[in-house]
Every structure is written in structure tokens, then in C-alpha cells.
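Data block below; observations after.
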Amino acid sequence: MSTDSPLIIALDYPSLDAALCMADSLDPARCRLKVGKELFTRSGPDVVEALHGRGFEVFLDLKFHDIPNTVAGAVEAAAEQGVWMVNVHAAGGRRMMETARERLDRQGLSTRLIAVTVLTSMMADDLAETGVAASPASQVERLAVLAHDSGMHGVVCSARESARLHELCGADFLKVTPGIRPAFAQAGDQRRVMTPGDAMAAGSTHLVVGRPITQAEEPMAALAAIEAELT
Ligand code: C5P
């Protein structure tokens, strides 16, 4: 099933059963689902197949980063499973990203391929230690433009970066934004948060939401409350 919703719900669970239990309380017409490293490492392609079987589109958030041929093969493998979106690290460089995009095009696979720029856990000091003298903000811009020029369909970015990346890379460049906290939710361990409405107004194209929905008493009611904030 394909949906127009900008909402991507993060299935951050350690087991297939727990992930499917949450998926079963959600509606594939009103959201997509994100599968990350822990769930995928534990349950493998079975989880993707089970979610597809329930009608969901899947963002496989494995953040590939390796030599070009290896990443292209991994991206192709994800796309062959029919995932809607997959991602790589922009720090892998132009050749890595171009090779991955070319592989999708050559195989006629329409999976969206997006890039992670700078992990939000990296502060200026952390970057400096890895030899990157630029500030996190300017490194994000540099890597987003590189991702755009290398054929990526978009980036993962904070809503604070969306407006600037809209200017630099255009409206069609996807801006997939975590750190979303609806008006009704607590920030939890997310430090820089934005409401769904503000994030979309800032230029985000998709919103990744985890605990405000997955830990709600009634996940679909929480999802409906977010939809209401977006209208
Ligand atoms: O529960 P919460 O809404 O904070 O979940 C957000 C999701 O987005 C999690 O899967 C988290 O790993 C991911 N994410 C994030 N911040 C980033 C990148 C990804 O919260 N900078």
C-alpha cells in the first residue's frame, strides 16, 4: 500500500514479535514504518517481509558506509526486498553514493536512497577529533550538497536544518526529520525537538516519530493527534 502521509513510525524494538505487535496496531494507509539496526540485526529480512505483508512501506535505516561496490550491493539487496527507502552515510563520499544510485537505476529499482550527514551525537569537538575542522552546521550543509550532487533523493536532517537545506538543495530533495515531539508529548532524551507542524513548515518532507506513538496507550489515537496538528 502506498500512502501520502509524511509520518514514518520508528519501530525501535529488539524482537520481531514486539515490532509486529506495534505494527498491528497501526494503519498502513496513514504511516510508514522505520526498521533500524537492532531490529534488523536480530530478525533479518523476515521483519521487512512481515511488514510488507501487512501493507506497510518500509524505511530500512541501516546507514550503510563502506567501499562503493559493497554499499551498492547492500542498497540493491534492500531494494530487491521492496523497501520504500534506504540510507547511507554521506561521509562515504561521492563515488560511494553515485555507485549506489547508479545500481538502483540500472536495476530499475525505485527505492528512495537518502544520506545521513552528521550524526546528531557528534559535537564540534567530536568532529575535530576525526579531523573535521568545520562546525557541525557547515559540515551538514557540505555533506547535504554533496549528497544532492551525487544523486541522493534526500537526507536525514533535523528540522532546524530543513529550511537551509531547502534553499541549498530544493523542495524535491527529501528532508527526513527525527526529533519530532507533538504538543502532547514529552521530549524524553531528545534534546532539540520540534513539533510536527513546525517541522513541516520548516521544509521537512517526512517526519520520523518513535516513542510519542509507540509508547502511547493508544498508538492510533496518538497518530491521529499528530495528523490533527498537521492540518
Ligand atoms: O522515539 P523517538 O521519536 O525519539 O525516535 C526517533 C527515531 O529517530 C529513533 O529511531 C532514532 O534512532 C532516530 N533518530 C533520532 N535522531 C537522529 C537520527 C535518528 O532520533 N538524529
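We name chains A, B, ... following the order of the C-alpha cells; residues begin at 1 in each chain, and ligands are numbered from 1 as shown.
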For range 88-121 of chain A versus range 154-161 of chain A, which residues have an atom no more than 8 Å away, and what is each residue's nearest atom pair and distance in Å rounded to one decimal, using only C-alpha atoms, chain-then-number order, as JSON lines?
{"residue": "A:Leu113", "atom": "CA", "partner": "A:Gly154", "partner_atom": "CA", "distance": 7.1}
{"residue": "A:Ile114", "atom": "CA", "partner": "A:Gly154", "partner_atom": "CA", "distance": 4.7}
{"residue": "A:Ala115", "atom": "CA", "partner": "A:Val155", "partner_atom": "CA", "distance": 4.6}
{"residue": "A:Val116", "atom": "CA", "partner": "A:Val156", "partner_atom": "CA", "distance": 5.2}
{"residue": "A:Thr117", "atom": "CA", "partner": "A:Val155", "partner_atom": "CA", "distance": 7.0}
Any chance you could export the current selection's N, CA, C and O atoms as a PDB file, in the first residue's frame?
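Writing the result to again_23.pdb gives the following:
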ATOM      1  N   LEU A 113      16.747   6.649  -2.031  1.00  0.00           N
ATOM      2  CA  LEU A 113      18.063   6.491  -1.412  1.00  0.00           C
ATOM      3  C   LEU A 113      18.443   7.826  -0.784  1.00  0.00           C
ATOM      4  O   LEU A 113      18.593   8.826  -1.490  1.00  0.00           O
ATOM      5  N   ILE A 114      18.557   7.840   0.528  1.00  0.00           N
ATOM      6  CA  ILE A 114      18.887   9.097   1.198  1.00  0.00           C
ATOM      7  C   ILE A 114      20.174   8.936   1.998  1.00  0.00           C
ATOM      8  O   ILE A 114      20.665   7.819   2.198  1.00  0.00           O
ATOM      9  N   ALA A 115      20.729  10.075   2.441  1.00  0.00           N
ATOM     10  CA  ALA A 115      22.011  10.060   3.139  1.00  0.00           C
ATOM     11  C   ALA A 115      21.886  10.676   4.522  1.00  0.00           C
ATOM     12  O   ALA A 115      21.104  11.597   4.738  1.00  0.00           O
ATOM     13  N   VAL A 116      22.679  10.146   5.429  1.00  0.00           N
ATOM     14  CA  VAL A 116      22.871  10.756   6.740  1.00  0.00           C
ATOM     15  C   VAL A 116      24.057  11.704   6.590  1.00  0.00           C
ATOM     16  O   VAL A 116      25.070  11.330   5.982  1.00  0.00           O
ATOM     17  N   THR A 117      23.936  12.920   7.119  1.00  0.00           N
ATOM     18  CA  THR A 117      25.061  13.851   7.020  1.00  0.00           C
ATOM     19  C   THR A 117      25.955  13.688   8.251  1.00  0.00           C
ATOM     20  O   THR A 117      26.854  12.844   8.258  1.00  0.00           O
TER      21      THR A 117
END
(message) Taking only C-alpha atoms and all ligand atoms into account, which residues have an atom no farther than 6 Å from ligand 1? I'd like them as an MDAnalysis selection string.
(response) chainID A and resid 10 12 119:120 178:180 190 208:211
(request) Could you give me, as a list in words, the residues within 7 Å of Lys34 in chain A, counting only C-alpha atoms and dropping anything in the same chain fewer than 3 positions from it? (result) Ile8, Ile9, Ala10, Leu11, Val58, Phe59, Leu60 and Asp61 of chain A
(request) Identify, on the basis of only C-alpha atoms, every residue whose closest approach to Thr41 in chain A does not exceed 12 Å; exclude the query and any residue fewer than 5 positions from it along the same chain; express the result as an NGL selection string. (result) :A and (12-16 or 35-36 or 46-48 or 60-62)
Residues of the last selection are to be written out with C-alpha atoms, as a PDB file, in the first residue's frame.
ATOM      1  CA  ASP A  12      12.698   0.544  17.759  1.00  0.00           C
ATOM      2  CA  TYR A  13      12.130  -2.924  19.208  1.00  0.00           C
ATOM      3  CA  PRO A  14      14.540  -5.761  19.996  1.00  0.00           C
ATOM      4  CA  SER A  15      12.312  -8.520  18.648  1.00  0.00           C
ATOM      5  CA  LEU A  16      10.196  -9.345  15.638  1.00  0.00           C
ATOM      6  CA  VAL A  35      13.293  -0.576  10.756  1.00  0.00           C
ATOM      7  CA  GLY A  36      16.682   0.132  12.317  1.00  0.00           C
ATOM      8  CA  ASP A  46      11.787 -11.527   7.915  1.00  0.00           C
ATOM      9  CA  VAL A  47      10.715  -8.299   9.565  1.00  0.00           C
ATOM     10  CA  VAL A  48      10.637  -6.450   6.254  1.00  0.00           C
ATOM     11  CA  LEU A  60      15.301   0.434   6.178  1.00  0.00           C
ATOM     12  CA  ASP A  61      17.532   2.640   8.350  1.00  0.00           C
ATOM     13  CA  LEU A  62      20.842   0.765   8.183  1.00  0.00           C
TER      14      LEU A  62
END
(request) Please provide as a list in words all residues within 12 Å of Ala228 in chain A, with the sequence filter that same-chain residues fewer than 3 positions apart are discarded (counting only C-alpha atoms). (result) Pro182, Ala183, Phe184, Thr195, Pro196, Gly197, Ala221, Ala222, Leu223, Ala224, Ala225 and Thr231 of chain A
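The neighbours of Ala72 in chain A here are the residues that come within 7 Å of it, using only C-alpha atoms and leaving out any residue fewer than 3 positions away in the same chain; they are Pro68, Asn69, Val75, Glu76, Thr99, Ala100 and Arg103 of chain A.
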(request) Identify which of the residues A:Gly188, A:Gly44, A:Gly73, A:Gly151 lies closest to Pro212 in chain A, counting only C-alpha atoms when measuring atom-to-atom distances. (result) A:Gly188
(request) DSSP on the backbone, then: every residue of range 23-178 of chain A marked alpha helix (DSSP H), written as JSON, numbers by chain. (result) {"A": [23, 37, 38, 39, 40, 41, 42, 43, 45, 46, 47, 48, 49, 50, 51, 52, 53, 68, 69, 70, 71, 72, 73, 74, 75, 76, 77, 78, 79, 80, 94, 95, 96, 97, 98, 99, 100, 101, 102, 103, 104, 105, 106, 124, 125, 126, 127, 128, 129, 136, 137, 138, 139, 140, 141, 142, 143, 144, 145, 146, 147, 148, 149, 159, 160, 161, 162, 163, 164, 165, 166, 167, 168, 169]}
(message) So that I can check the secondary structure, give me every residue of range 108-183 of chain A assigned strand (DSSP E) by backbone DSSP, as JSON, numbers by chain.
(response) {"A": [112, 113, 114, 115, 116, 154, 155, 156, 174, 175, 176, 177]}
Output file for the residues above (N, CA, C and O atoms, as a compact mmCIF listing (two decimals), in the first residue's frame):
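For reference, result23.txt as written:
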# COMPACT_ATOMS: atom_id res chain seq x y z
N ARG A 112 13.78 4.88 -2.64
CA ARG A 112 14.42 6.18 -2.35
C ARG A 112 15.71 5.92 -1.61
O ARG A 112 15.74 5.14 -0.65
N LEU A 113 16.75 6.65 -2.03
CA LEU A 113 18.06 6.49 -1.41
C LEU A 113 18.44 7.83 -0.78
O LEU A 113 18.59 8.83 -1.49
N ILE A 114 18.56 7.84 0.53
CA ILE A 114 18.89 9.10 1.20
C ILE A 114 20.17 8.94 2.00
O ILE A 114 20.66 7.82 2.20
N ALA A 115 20.73 10.07 2.44
CA ALA A 115 22.01 10.06 3.14
C ALA A 115 21.89 10.68 4.52
O ALA A 115 21.10 11.60 4.74
N VAL A 116 22.68 10.15 5.43
CA VAL A 116 22.87 10.76 6.74
C VAL A 116 24.06 11.70 6.59
O VAL A 116 25.07 11.33 5.98
N GLY A 154 17.58 12.52 -1.01
CA GLY A 154 17.36 13.39 0.14
C GLY A 154 18.34 13.07 1.25
O GLY A 154 19.33 12.35 1.03
N VAL A 155 18.07 13.64 2.41
CA VAL A 155 18.92 13.41 3.59
C VAL A 155 18.05 13.23 4.83
O VAL A 155 16.89 13.63 4.85
N VAL A 156 18.65 12.64 5.84
CA VAL A 156 18.09 12.68 7.19
C VAL A 156 18.61 13.98 7.80
O VAL A 156 19.81 14.25 7.74
N LEU A 174 14.40 15.23 -0.49
CA LEU A 174 13.68 14.80 0.71
C LEU A 174 14.45 15.19 1.97
O LEU A 174 15.68 15.10 2.02
N LYS A 175 13.69 15.64 2.95
CA LYS A 175 14.27 16.00 4.24
C LYS A 175 13.52 15.21 5.30
O LYS A 175 12.39 15.54 5.66
N VAL A 176 14.15 14.15 5.75
CA VAL A 176 13.52 13.20 6.66
C VAL A 176 14.00 13.52 8.07
O VAL A 176 15.19 13.45 8.36
N THR A 177 13.05 13.90 8.92
CA THR A 177 13.40 14.55 10.18
C THR A 177 12.96 13.79 11.42
O THR A 177 11.76 13.65 11.65
